[in-house]
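First the structure, in the form of structure tokens, and then the observations on it.
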Amino acid sequence: MAASTTTARTTHDVLIIGAGFAGLYAVHKFRDQLGLDVLAFDAAGDVGGTWYWNRYPGARVDIESVHYSYSFDEDLQQEWHWTEKFCAQPEILSYLGHVADRFDLRRSIRFNTRVTGLTWDDDAAEWELRTDRGGVHRAKYVISGAGTLSVPKKPEFPGVEDFRGEVYLTGNWPHDEPSFEGRRVGIIGVGSSGIQAISELAKTAGHLTVFQRTPNYATPIGNEPTDPAEEAANKAGYRRIREASRNHFLGVPYTDVQPSALAVSAEERRRVFDDRWNRGGFRLFIDAFGDILFDKAANDTAADYIRDRIRERVHDPATAELLCPTDYPYGTKRPPLETDYYEAYNRDDVELVDVKANPVAEITPRGVRLADGTEHELDCLVLATGFDACTGPLLAMNIVGRDGLALTEHWADGPQTYLGLMSAGFPNLFMITGPQSPSVLYNMPLAIEDHVDFAADAIAHLRQSTLDVIEPEADAERAWVEHTNELAQATLLPTSPTSWYMGANIPGKPRRVLVYLGGAPAYRAKCAEIVHNGYQGFRLT
Ligand code: N01
């Protein structure tokens, strides 16, 4: 993709940050449906957003592709064919490329262009956006589609720059696929990325060393090739499927959840867990019993079940025990989905190293040295160590709002938003799937469409009313922050010591819930009510 070379000063109606699911839909919505003059930016060389960067072996969606896709255009959803139930990264990237072609979106996007600053000009009532290519662009409205899991956590291991082998970040994987054939590979991190990568790396590496700090509750994804009959039925019923998805907590049309794991017999519980385990996806987490995320005793039944299944799959009992999470409830860290993950540890050439008991002390030129002095010699090191989630992408852009207020200052104690969409003091800046919205706990493409539609309706409303500015009232923002915190306190989430949901994976990051835990339907109803009441809680001027 040819990069734009302009350092020009330009003015538009809407500036859009990102060319992933959010940015692409925003370009289409504002340019083609509202008829506005838009310009978008992405640091990447082409469209794709998170699916552009996360191209590590095994990268795959964990919500069924038929659901994890745009719903805004009937022809698009009818014409596209997914080859698998849960598609791998290259296919998702092709899909986003197809969307860009179909709606001719690339002509409105400057690629290889990173947004380095965004400042509100109160006199002109518009934003000034600066890029690393020297561009200065102005617009009344800014849509951030900068993503939620798009800023990889900085490597926190001393000596990493002196390692003589190759270092790869799952969240910023090279385009030329590295070869691991016959090589000594180490990987740090067993979250969703690590687990997907380990399952694949185990097949090719000469020797794979997995450095695990906190084991995870991974359950089967249940991937399979697309069944033509099922595809035809899905396409015929897409309208109903999307409606059911939008009325579900997680944005998927699952319907079998029972109220309580504690209200049924042990046999019935086992039957439900077996059924969800065998069908795969997030069913065991979200479609088994409704109290798993809220009641520790209910959660224990699911956690015990998963641990039993891990022990069945891993031959060496000591390794199996090391892979069993014991010190945090199931689902309080994002549960990964897997294919043959646990079986990888039955191979002679895969070794599991416990870096909770014996932490990584440093990266040496030859490999990884642990606190007790043991050194693991490696040719390649893969860091699957996660992201500065939800707030990181926004705080990285040097955003300065009304009266010189920096977003970093306003959010010093954690994100302050209204609806997870706007922040007081930052007028006309819409943060698509921002912190304190359902975002990563909602099917992302649908969450994105809802937010972009909200922003488009708000802007259309302003224009019809010959108004210029929408901004949350400070009281409404305070109440929303309180509400999201209260919702989190009613769940088991705050009990996890390292979950990125709570900002707990980044040293020094305030421990605040980063997602809205009331579920997508309640959130959508709240947004609709606010609009119905004349954008209640927003100041329109
Ligand atoms: O990151 P993570 P991720 N020493 O934060 C370990 C989405 N996603 O990239 O738990 C040793 O989950 C850390 O250990 P601990 C999905 O929402 C989706 O895997 O902090 N270890 C943990 O094991 C997901 O939740 C898909 O003790 C260190 C790991 O690194 C989110 O992205 C695929 C360490 C980080 O796990 C993030 O997933 C991939 C240290 N100093 C991602 N620092 C799909 O399937 C960190 N770790 C769609």
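We name chains A, B, ... following the order of the structure tokens; residues begin at 1 in each chain, and ligands are numbered from 1 as shown.
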
Checklist entry - Mind listing the residues within 7 Å of ligand 1, only C-alpha atoms and all ligand atoms counted, as an MDAnalysis selection string? => result chainID A and resid 59:62 149 156:157 171 188:194 196 211:215 334:337 355 359:360 384:387 440 498:500 505

Checklist entry - Out of range 65-200 of chain A, which residues get strand (DSSP E) from DSSP, as a PyMOL selection string? => result chain A and resi 109-110+115-121+126-131+136-144+166-169+184-188

Next on the checklist: Can you pull out the residues contacting Ile432 in chain A? Cut-off 10 Å, using only C-alpha atoms, and skip same-chain residues under 2 positions away; I want them as a VMD selection string.
Outcome noted: chain A and resid 17 22 to 23 26 143 to 148 420 to 422 429 to 430 434 to 435 437 439 447 to 452 454 to 455

Take the residues just selected and output them with N, CA and C atoms as a PDB file, in the first residue's frame.
```pdb
ATOM      1  N   ILE A  17      -9.287   7.993  13.558  1.00  0.00           N
ATOM      2  CA  ILE A  17      -8.001   7.384  13.909  1.00  0.00           C
ATOM      3  C   ILE A  17      -8.156   5.866  13.874  1.00  0.00           C
ATOM      4  N   ALA A  22     -13.179  -0.567  13.505  1.00  0.00           N
ATOM      5  CA  ALA A  22     -13.848   0.696  13.868  1.00  0.00           C
ATOM      6  C   ALA A  22     -13.620   1.773  12.817  1.00  0.00           C
ATOM      7  N   GLY A  23     -12.347   1.990  12.467  1.00  0.00           N
ATOM      8  CA  GLY A  23     -12.038   3.062  11.528  1.00  0.00           C
ATOM      9  C   GLY A  23     -12.689   2.847  10.168  1.00  0.00           C
ATOM     10  N   ALA A  26     -16.305   3.583  10.366  1.00  0.00           N
ATOM     11  CA  ALA A  26     -16.501   5.024  10.559  1.00  0.00           C
ATOM     12  C   ALA A  26     -16.330   5.781   9.236  1.00  0.00           C
ATOM     13  N   ILE A 143     -13.083  10.793  15.618  1.00  0.00           N
ATOM     14  CA  ILE A 143     -13.519   9.445  16.000  1.00  0.00           C
ATOM     15  C   ILE A 143     -12.255   8.636  16.256  1.00  0.00           C
ATOM     16  N   SER A 144     -12.080   8.179  17.488  1.00  0.00           N
ATOM     17  CA  SER A 144     -10.930   7.311  17.742  1.00  0.00           C
ATOM     18  C   SER A 144     -11.343   5.855  17.582  1.00  0.00           C
ATOM     19  N   GLY A 145     -10.741   5.221  16.602  1.00  0.00           N
ATOM     20  CA  GLY A 145     -10.873   3.767  16.441  1.00  0.00           C
ATOM     21  C   GLY A 145      -9.510   3.165  16.710  1.00  0.00           C
ATOM     22  N   ALA A 146      -8.831   3.704  17.731  1.00  0.00           N
ATOM     23  CA  ALA A 146      -7.442   3.293  18.004  1.00  0.00           C
ATOM     24  C   ALA A 146      -7.355   1.916  18.647  1.00  0.00           C
ATOM     25  N   GLY A 147      -8.513   1.360  19.014  1.00  0.00           N
ATOM     26  CA  GLY A 147      -8.511  -0.024  19.505  1.00  0.00           C
ATOM     27  C   GLY A 147      -8.403  -0.122  21.013  1.00  0.00           C
ATOM     28  N   THR A 148      -8.528  -1.349  21.492  1.00  0.00           N
ATOM     29  CA  THR A 148      -8.480  -1.600  22.930  1.00  0.00           C
ATOM     30  C   THR A 148      -7.242  -2.419  23.301  1.00  0.00           C
ATOM     31  N   GLY A 420     -18.422   5.341  28.371  1.00  0.00           N
ATOM     32  CA  GLY A 420     -17.230   4.758  27.754  1.00  0.00           C
ATOM     33  C   GLY A 420     -17.030   5.246  26.335  1.00  0.00           C
ATOM     34  N   LEU A 421     -17.597   6.405  26.043  1.00  0.00           N
ATOM     35  CA  LEU A 421     -17.636   6.893  24.669  1.00  0.00           C
ATOM     36  C   LEU A 421     -17.067   8.308  24.548  1.00  0.00           C
ATOM     37  N   MET A 422     -17.283   9.122  25.599  1.00  0.00           N
ATOM     38  CA  MET A 422     -16.762  10.491  25.576  1.00  0.00           C
ATOM     39  C   MET A 422     -16.247  10.828  26.980  1.00  0.00           C
ATOM     40  N   LEU A 429     -15.038  14.377  20.784  1.00  0.00           N
ATOM     41  CA  LEU A 429     -14.100  13.252  20.605  1.00  0.00           C
ATOM     42  C   LEU A 429     -14.817  11.968  21.032  1.00  0.00           C
ATOM     43  N   PHE A 430     -15.088  11.125  20.048  1.00  0.00           N
ATOM     44  CA  PHE A 430     -15.806   9.874  20.315  1.00  0.00           C
ATOM     45  C   PHE A 430     -14.787   8.738  20.367  1.00  0.00           C
ATOM     46  N   GLY A 434     -14.502   2.597  23.895  1.00  0.00           N
ATOM     47  CA  GLY A 434     -13.609   3.158  24.904  1.00  0.00           C
ATOM     48  C   GLY A 434     -13.744   2.459  26.250  1.00  0.00           C
ATOM     49  N   PRO A 435     -12.831   2.818  27.183  1.00  0.00           N
ATOM     50  CA  PRO A 435     -12.881   2.211  28.509  1.00  0.00           C
ATOM     51  C   PRO A 435     -14.200   2.539  29.201  1.00  0.00           C
ATOM     52  N   SER A 437     -16.962   1.076  28.532  1.00  0.00           N
ATOM     53  CA  SER A 437     -18.067   0.603  27.681  1.00  0.00           C
ATOM     54  C   SER A 437     -17.932  -0.930  27.647  1.00  0.00           C
ATOM     55  N   SER A 439     -17.224  -2.922  25.284  1.00  0.00           N
ATOM     56  CA  SER A 439     -16.043  -3.207  24.449  1.00  0.00           C
ATOM     57  C   SER A 439     -15.669  -4.679  24.381  1.00  0.00           C
ATOM     58  N   ALA A 447     -20.133  -4.123  18.810  1.00  0.00           N
ATOM     59  CA  ALA A 447     -19.891  -3.029  19.755  1.00  0.00           C
ATOM     60  C   ALA A 447     -19.440  -1.780  18.995  1.00  0.00           C
ATOM     61  N   ILE A 448     -18.581  -1.999  18.010  1.00  0.00           N
ATOM     62  CA  ILE A 448     -18.063  -0.898  17.193  1.00  0.00           C
ATOM     63  C   ILE A 448     -19.188  -0.251  16.391  1.00  0.00           C
ATOM     64  N   GLU A 449     -19.998  -1.071  15.751  1.00  0.00           N
ATOM     65  CA  GLU A 449     -21.106  -0.500  14.962  1.00  0.00           C
ATOM     66  C   GLU A 449     -22.031   0.325  15.855  1.00  0.00           C
ATOM     67  N   ASP A 450     -22.333  -0.186  17.040  1.00  0.00           N
ATOM     68  CA  ASP A 450     -23.215   0.565  17.951  1.00  0.00           C
ATOM     69  C   ASP A 450     -22.616   1.929  18.279  1.00  0.00           C
ATOM     70  N   HIS A 451     -21.320   1.951  18.580  1.00  0.00           N
ATOM     71  CA  HIS A 451     -20.686   3.219  18.970  1.00  0.00           C
ATOM     72  C   HIS A 451     -20.578   4.194  17.790  1.00  0.00           C
ATOM     73  N   VAL A 452     -20.190   3.659  16.631  1.00  0.00           N
ATOM     74  CA  VAL A 452     -20.081   4.550  15.459  1.00  0.00           C
ATOM     75  C   VAL A 452     -21.466   5.107  15.119  1.00  0.00           C
ATOM     76  N   PHE A 454     -23.915   5.604  17.205  1.00  0.00           N
ATOM     77  CA  PHE A 454     -24.248   6.601  18.222  1.00  0.00           C
ATOM     78  C   PHE A 454     -23.604   7.941  17.858  1.00  0.00           C
ATOM     79  N   ALA A 455     -22.311   7.885  17.516  1.00  0.00           N
ATOM     80  CA  ALA A 455     -21.582   9.112  17.177  1.00  0.00           C
ATOM     81  C   ALA A 455     -22.195   9.767  15.937  1.00  0.00           C
TER      82      ALA A 455
END
```

Checklist entry - So which residues touch range 105-122 of chain A within 8 Å, counting only C-alpha atoms, skipping near sequence neighbours fewer than 2 positions away, as a PyMOL selection string? => result chain A and resi 1-4+17+19+24+27-28+38-47+99-103+124-133+396-403+426-427

Export of prior selection with N, CA and C atoms as a CSV table (one decimal), in the first residue's frame:
```csv
chain,number,residue,atom,x,y,z
A,1,MET,N,0.8,-1.2,0.0
A,1,MET,CA,0.0,0.0,0.0
A,1,MET,C,0.9,1.2,0.0
A,2,ALA,N,0.7,2.1,-1.0
A,2,ALA,CA,1.5,3.3,-1.1
A,2,ALA,C,1.2,4.2,0.1
A,3,ALA,N,2.3,4.8,0.7
A,3,ALA,CA,2.0,5.7,1.8
A,3,ALA,C,1.8,7.1,1.2
A,4,SER,N,1.0,7.8,1.9
A,4,SER,CA,0.8,9.2,1.5
A,4,SER,C,2.0,10.0,2.0
A,17,ILE,N,-9.3,8.0,13.6
A,17,ILE,CA,-8.0,7.4,13.9
A,17,ILE,C,-8.2,5.9,13.9
A,19,ALA,N,-7.7,2.2,11.1
A,19,ALA,CA,-8.3,1.5,10.0
A,19,ALA,C,-8.5,0.1,10.2
A,24,LEU,N,-12.7,1.6,9.7
A,24,LEU,CA,-13.2,1.3,8.4
A,24,LEU,C,-14.7,1.6,8.4
A,27,VAL,N,-15.3,5.4,8.5
A,27,VAL,CA,-15.1,6.1,7.2
A,27,VAL,C,-16.4,5.9,6.3
A,28,HIS,N,-16.8,4.7,6.2
A,28,HIS,CA,-18.0,4.4,5.4
A,28,HIS,C,-19.2,5.2,6.0
A,38,VAL,N,-14.2,13.3,5.3
A,38,VAL,CA,-13.5,12.6,6.3
A,38,VAL,C,-12.0,12.3,5.9
A,39,LEU,N,-11.2,12.2,6.9
A,39,LEU,CA,-9.8,11.7,6.6
A,39,LEU,C,-9.4,10.8,7.8
A,40,ALA,N,-8.9,9.6,7.4
A,40,ALA,CA,-8.5,8.7,8.5
A,40,ALA,C,-7.0,8.4,8.4
A,41,PHE,N,-6.5,7.9,9.5
A,41,PHE,CA,-5.0,7.6,9.7
A,41,PHE,C,-4.8,6.3,10.3
A,42,ASP,N,-3.8,5.6,9.8
A,42,ASP,CA,-3.3,4.4,10.5
A,42,ASP,C,-1.8,4.2,10.4
A,43,ALA,N,-1.2,3.8,11.5
A,43,ALA,CA,0.2,3.6,11.6
A,43,ALA,C,0.6,2.4,10.7
A,44,ALA,N,-0.3,1.6,10.4
A,44,ALA,CA,0.0,0.3,9.6
A,44,ALA,C,0.1,0.7,8.1
A,45,GLY,N,0.6,-0.3,7.4
A,45,GLY,CA,0.7,-0.1,5.9
A,45,GLY,C,-0.6,-0.4,5.2
A,46,ASP,N,-1.6,-0.9,5.9
A,46,ASP,CA,-2.8,-1.2,5.2
A,46,ASP,C,-3.9,-1.4,6.3
A,47,VAL,N,-5.1,-1.7,5.8
A,47,VAL,CA,-6.2,-1.8,6.7
A,47,VAL,C,-6.0,-3.1,7.6
A,99,VAL,N,-13.7,-5.5,2.5
A,99,VAL,CA,-14.6,-4.4,2.9
A,99,VAL,C,-14.1,-3.1,2.4
A,100,ALA,N,-12.8,-2.9,2.6
A,100,ALA,CA,-12.1,-1.6,2.1
A,100,ALA,C,-12.3,-1.5,0.6
A,101,ASP,N,-12.2,-2.6,-0.2
A,101,ASP,CA,-12.3,-2.5,-1.6
A,101,ASP,C,-13.8,-2.2,-2.0
A,102,ARG,N,-14.7,-3.0,-1.3
A,102,ARG,CA,-16.1,-2.9,-1.7
A,102,ARG,C,-16.7,-1.5,-1.5
A,103,PHE,N,-16.2,-0.8,-0.4
A,103,PHE,CA,-16.7,0.5,-0.2
A,103,PHE,C,-15.7,1.6,-0.5
A,124,ALA,N,-11.8,28.0,17.9
A,124,ALA,CA,-12.3,27.6,16.7
A,124,ALA,C,-13.3,26.5,16.9
A,125,ALA,N,-13.4,25.9,18.1
A,125,ALA,CA,-14.3,24.8,18.4
A,125,ALA,C,-14.0,23.6,17.4
A,126,GLU,N,-12.7,23.3,17.3
A,126,GLU,CA,-12.3,22.2,16.5
A,126,GLU,C,-11.0,21.5,17.0
A,127,TRP,N,-10.7,20.3,16.6
A,127,TRP,CA,-9.5,19.6,17.0
A,127,TRP,C,-8.4,19.8,16.0
A,128,GLU,N,-7.2,19.9,16.5
A,128,GLU,CA,-6.0,19.9,15.6
A,128,GLU,C,-5.3,18.5,15.8
A,129,LEU,N,-5.1,17.8,14.8
A,129,LEU,CA,-4.5,16.5,14.9
A,129,LEU,C,-3.1,16.5,14.2
A,130,ARG,N,-2.1,16.1,14.8
A,130,ARG,CA,-0.7,16.1,14.2
A,130,ARG,C,-0.3,14.6,14.0
A,131,THR,N,0.5,14.4,13.0
A,131,THR,CA,1.0,13.1,12.7
A,131,THR,C,2.5,13.0,12.7
A,132,ASP,N,3.0,11.8,12.7
A,132,ASP,CA,4.5,11.6,12.6
A,132,ASP,C,5.1,11.9,11.3
A,133,ARG,N,4.2,12.2,10.3
A,133,ARG,CA,4.7,12.6,9.0
A,133,ARG,C,4.6,14.1,8.8
A,396,ALA,N,-1.8,7.1,24.6
A,396,ALA,CA,-0.6,7.2,23.8
A,396,ALA,C,-0.6,8.3,22.7
A,397,MET,N,-1.8,9.0,22.6
A,397,MET,CA,-1.9,9.9,21.4
A,397,MET,C,-1.7,11.4,21.9
A,398,ASN,N,-1.3,11.6,23.1
A,398,ASN,CA,-1.0,13.0,23.6
A,398,ASN,C,-2.3,13.9,23.3
A,399,ILE,N,-3.4,13.5,23.9
A,399,ILE,CA,-4.6,14.2,23.7
A,399,ILE,C,-4.8,15.3,24.7
A,400,VAL,N,-5.0,16.5,24.3
A,400,VAL,CA,-5.2,17.7,25.2
A,400,VAL,C,-6.5,18.3,24.8
A,401,GLY,N,-7.4,18.4,25.9
A,401,GLY,CA,-8.7,18.9,25.7
A,401,GLY,C,-8.9,20.4,26.0
A,402,ARG,N,-10.1,20.7,26.5
A,402,ARG,CA,-10.4,22.1,26.9
A,402,ARG,C,-9.5,22.6,27.9
A,403,ASP,N,-9.1,23.9,27.9
A,403,ASP,CA,-8.3,24.6,28.9
A,403,ASP,C,-7.0,23.9,29.1
A,426,PHE,N,-13.3,17.0,26.8
A,426,PHE,CA,-12.8,16.5,25.5
A,426,PHE,C,-13.9,16.5,24.5
A,427,PRO,N,-14.4,17.7,24.1
A,427,PRO,CA,-15.6,17.8,23.3
A,427,PRO,C,-15.5,17.1,21.9
```

Checklist entry - Between A:Ala458, A:Ala298, A:Val257, A:Cys380, which one has atoms that come closest to Gly182 in chain A, using only C-alpha atoms? => result A:Cys380

Item to check | 8 Å contact set for range 225-239 of chain A, only C-alpha atoms, chain neighbours under 2 positions out, as a list in words | outcome: Val66, Gln77, Gln78, Trp82, Thr83, Glu84, Lys85, Asn223, Ile241, Arg242 and Glu243 of chain A

Residue selection dump (N, CA and C atoms) as a CSV table (one decimal), in the first residue's frame:
```csv
chain,number,residue,atom,x,y,z
A,66,VAL,N,-19.1,-16.0,11.9
A,66,VAL,CA,-20.4,-15.6,11.4
A,66,VAL,C,-21.0,-14.5,12.3
A,77,GLN,N,-22.8,-9.2,4.2
A,77,GLN,CA,-22.9,-10.4,5.0
A,77,GLN,C,-23.4,-11.6,4.1
A,78,GLN,N,-24.1,-11.3,3.1
A,78,GLN,CA,-24.6,-12.4,2.2
A,78,GLN,C,-23.4,-12.9,1.3
A,82,TRP,N,-17.0,-17.5,5.0
A,82,TRP,CA,-16.0,-17.9,6.0
A,82,TRP,C,-15.7,-19.3,5.8
A,83,THR,N,-14.4,-19.7,5.7
A,83,THR,CA,-14.1,-21.1,5.5
A,83,THR,C,-14.2,-22.0,6.7
A,84,GLU,N,-14.1,-21.3,7.9
A,84,GLU,CA,-14.1,-22.1,9.2
A,84,GLU,C,-15.0,-21.4,10.2
A,85,LYS,N,-15.4,-22.1,11.2
A,85,LYS,CA,-16.2,-21.6,12.2
A,85,LYS,C,-15.5,-20.4,12.9
A,223,ASN,N,-13.3,-25.5,16.8
A,223,ASN,CA,-13.2,-25.0,15.4
A,223,ASN,C,-13.5,-26.2,14.5
A,241,ILE,N,-30.3,-13.5,13.7
A,241,ILE,CA,-29.1,-13.8,14.5
A,241,ILE,C,-28.5,-12.5,15.1
A,242,ARG,N,-28.4,-11.5,14.2
A,242,ARG,CA,-27.8,-10.2,14.7
A,242,ARG,C,-28.6,-9.6,15.9
A,243,GLU,N,-30.0,-9.8,15.7
A,243,GLU,CA,-30.8,-9.2,16.8
A,243,GLU,C,-30.6,-10.0,18.1
```

Item to check | Between CA of Asn216 in chain A and CA of Arg309 in chain A, distance in Å (one decimal) | outcome: 12.9 Å

Item to check | Atom pair CA of Arg307 in chain A / CA of Ala202 in chain A: separation (Å) | outcome: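 Computed distance, CA of Arg307 in chain A to CA of Ala202 in chain A, equals 21.9 Å.
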
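Nearest residue to Pro438 in chain A, choosing from A:Thr374, A:Ser423, A:Asn172, A:Thr484 and counting only C-alpha atoms: A:Thr484.
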
Checklist entry - Quick one: residues within 12 Å of Gly508 in chain A, only C-alpha atoms counted, chain neighbours fewer than 3 positions away excluded, as JSON, numbers by chain? => result {"A": [388, 412, 413, 414, 503, 504, 505, 511, 512]}

Export of the given selection (N, CA and C atoms) as a compact mmCIF listing (two decimals), in the first residue's frame:
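What landed in result-v7.txt:
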```txt
# COMPACT_ATOMS: atom_id res chain seq x y z
N ASP A 388 -1.31 -2.87 27.03
CA ASP A 388 -1.81 -1.80 27.91
C ASP A 388 -3.25 -1.55 27.44
N ALA A 412 -5.63 10.27 35.37
CA ALA A 412 -4.48 9.83 36.19
C ALA A 412 -4.86 8.73 37.18
N ASP A 413 -6.11 8.78 37.68
CA ASP A 413 -6.56 7.75 38.64
C ASP A 413 -7.42 6.69 37.95
N GLY A 414 -7.33 6.59 36.66
CA GLY A 414 -8.16 5.63 35.92
C GLY A 414 -9.08 6.40 34.98
N GLY A 503 -6.68 -3.42 34.77
CA GLY A 503 -5.44 -2.64 34.64
C GLY A 503 -4.30 -3.24 35.45
N ALA A 504 -4.50 -4.48 35.95
CA ALA A 504 -3.54 -5.04 36.91
C ALA A 504 -2.32 -5.67 36.25
N ASN A 505 -2.27 -5.68 34.91
CA ASN A 505 -1.13 -6.32 34.24
C ASN A 505 0.00 -5.35 33.95
N ARG A 511 -5.55 0.56 39.38
CA ARG A 511 -6.44 -0.62 39.39
C ARG A 511 -7.89 -0.17 39.29
N ARG A 512 -8.41 -0.10 38.10
CA ARG A 512 -9.80 0.31 37.87
C ARG A 512 -10.38 -0.61 36.81
```

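Secondary structure of range 233-268 of chain A, helix (DSSP H, G or I) only (DSSP, backbone atoms): Ala233, Asn234, Lys235, Ala236, Tyr238, Arg239, Arg240, Ile241, Arg242, Glu243, Ala244, Ser245, Arg246, Ala266, Glu267 and Glu268 of chain A.
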
Next on the checklist: To one decimal place in Å, what is the distance between CA of Phe163 in chain A and CA of Thr50 in chain A?
Outcome noted: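 Distance reported for this atom pair: 27.0 Å.
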
Checklist entry - With only C-alpha atoms as the atoms that count, which of A:Ala218, A:Val136, A:Ala389, A:Ala320 lies nearest to Ala303 in chain A? => result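 Nearest candidate to Ala303 in chain A out of A:Ala218, A:Val136, A:Ala389, A:Ala320: A:Ala218.
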
Item to check | Using only C-alpha atoms: which of A:Ser199, A:Gln258, A:Gln536, A:Thr332 has the shortest distance to Val350 in chain A | outcome: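 Ranking A:Ser199, A:Gln258, A:Gln536, A:Thr332 by distance to Val350 in chain A, first place goes to A:Ser199.
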
Checklist entry - Hey, what's within 8 Å of range 273-275 of chain A if we count only C-alpha atoms and toss same-chain stuff fewer than 2 positions away? As number ranges by chain, please? => result A: 269-271, 277-279, 284, 288, 302, 305

Checklist outcome for this item: Counting only C-alpha atoms, closest pick from A:Val382, A:Leu93, A:Leu517, A:Ile16 relative to Val160 in chain A is A:Val382
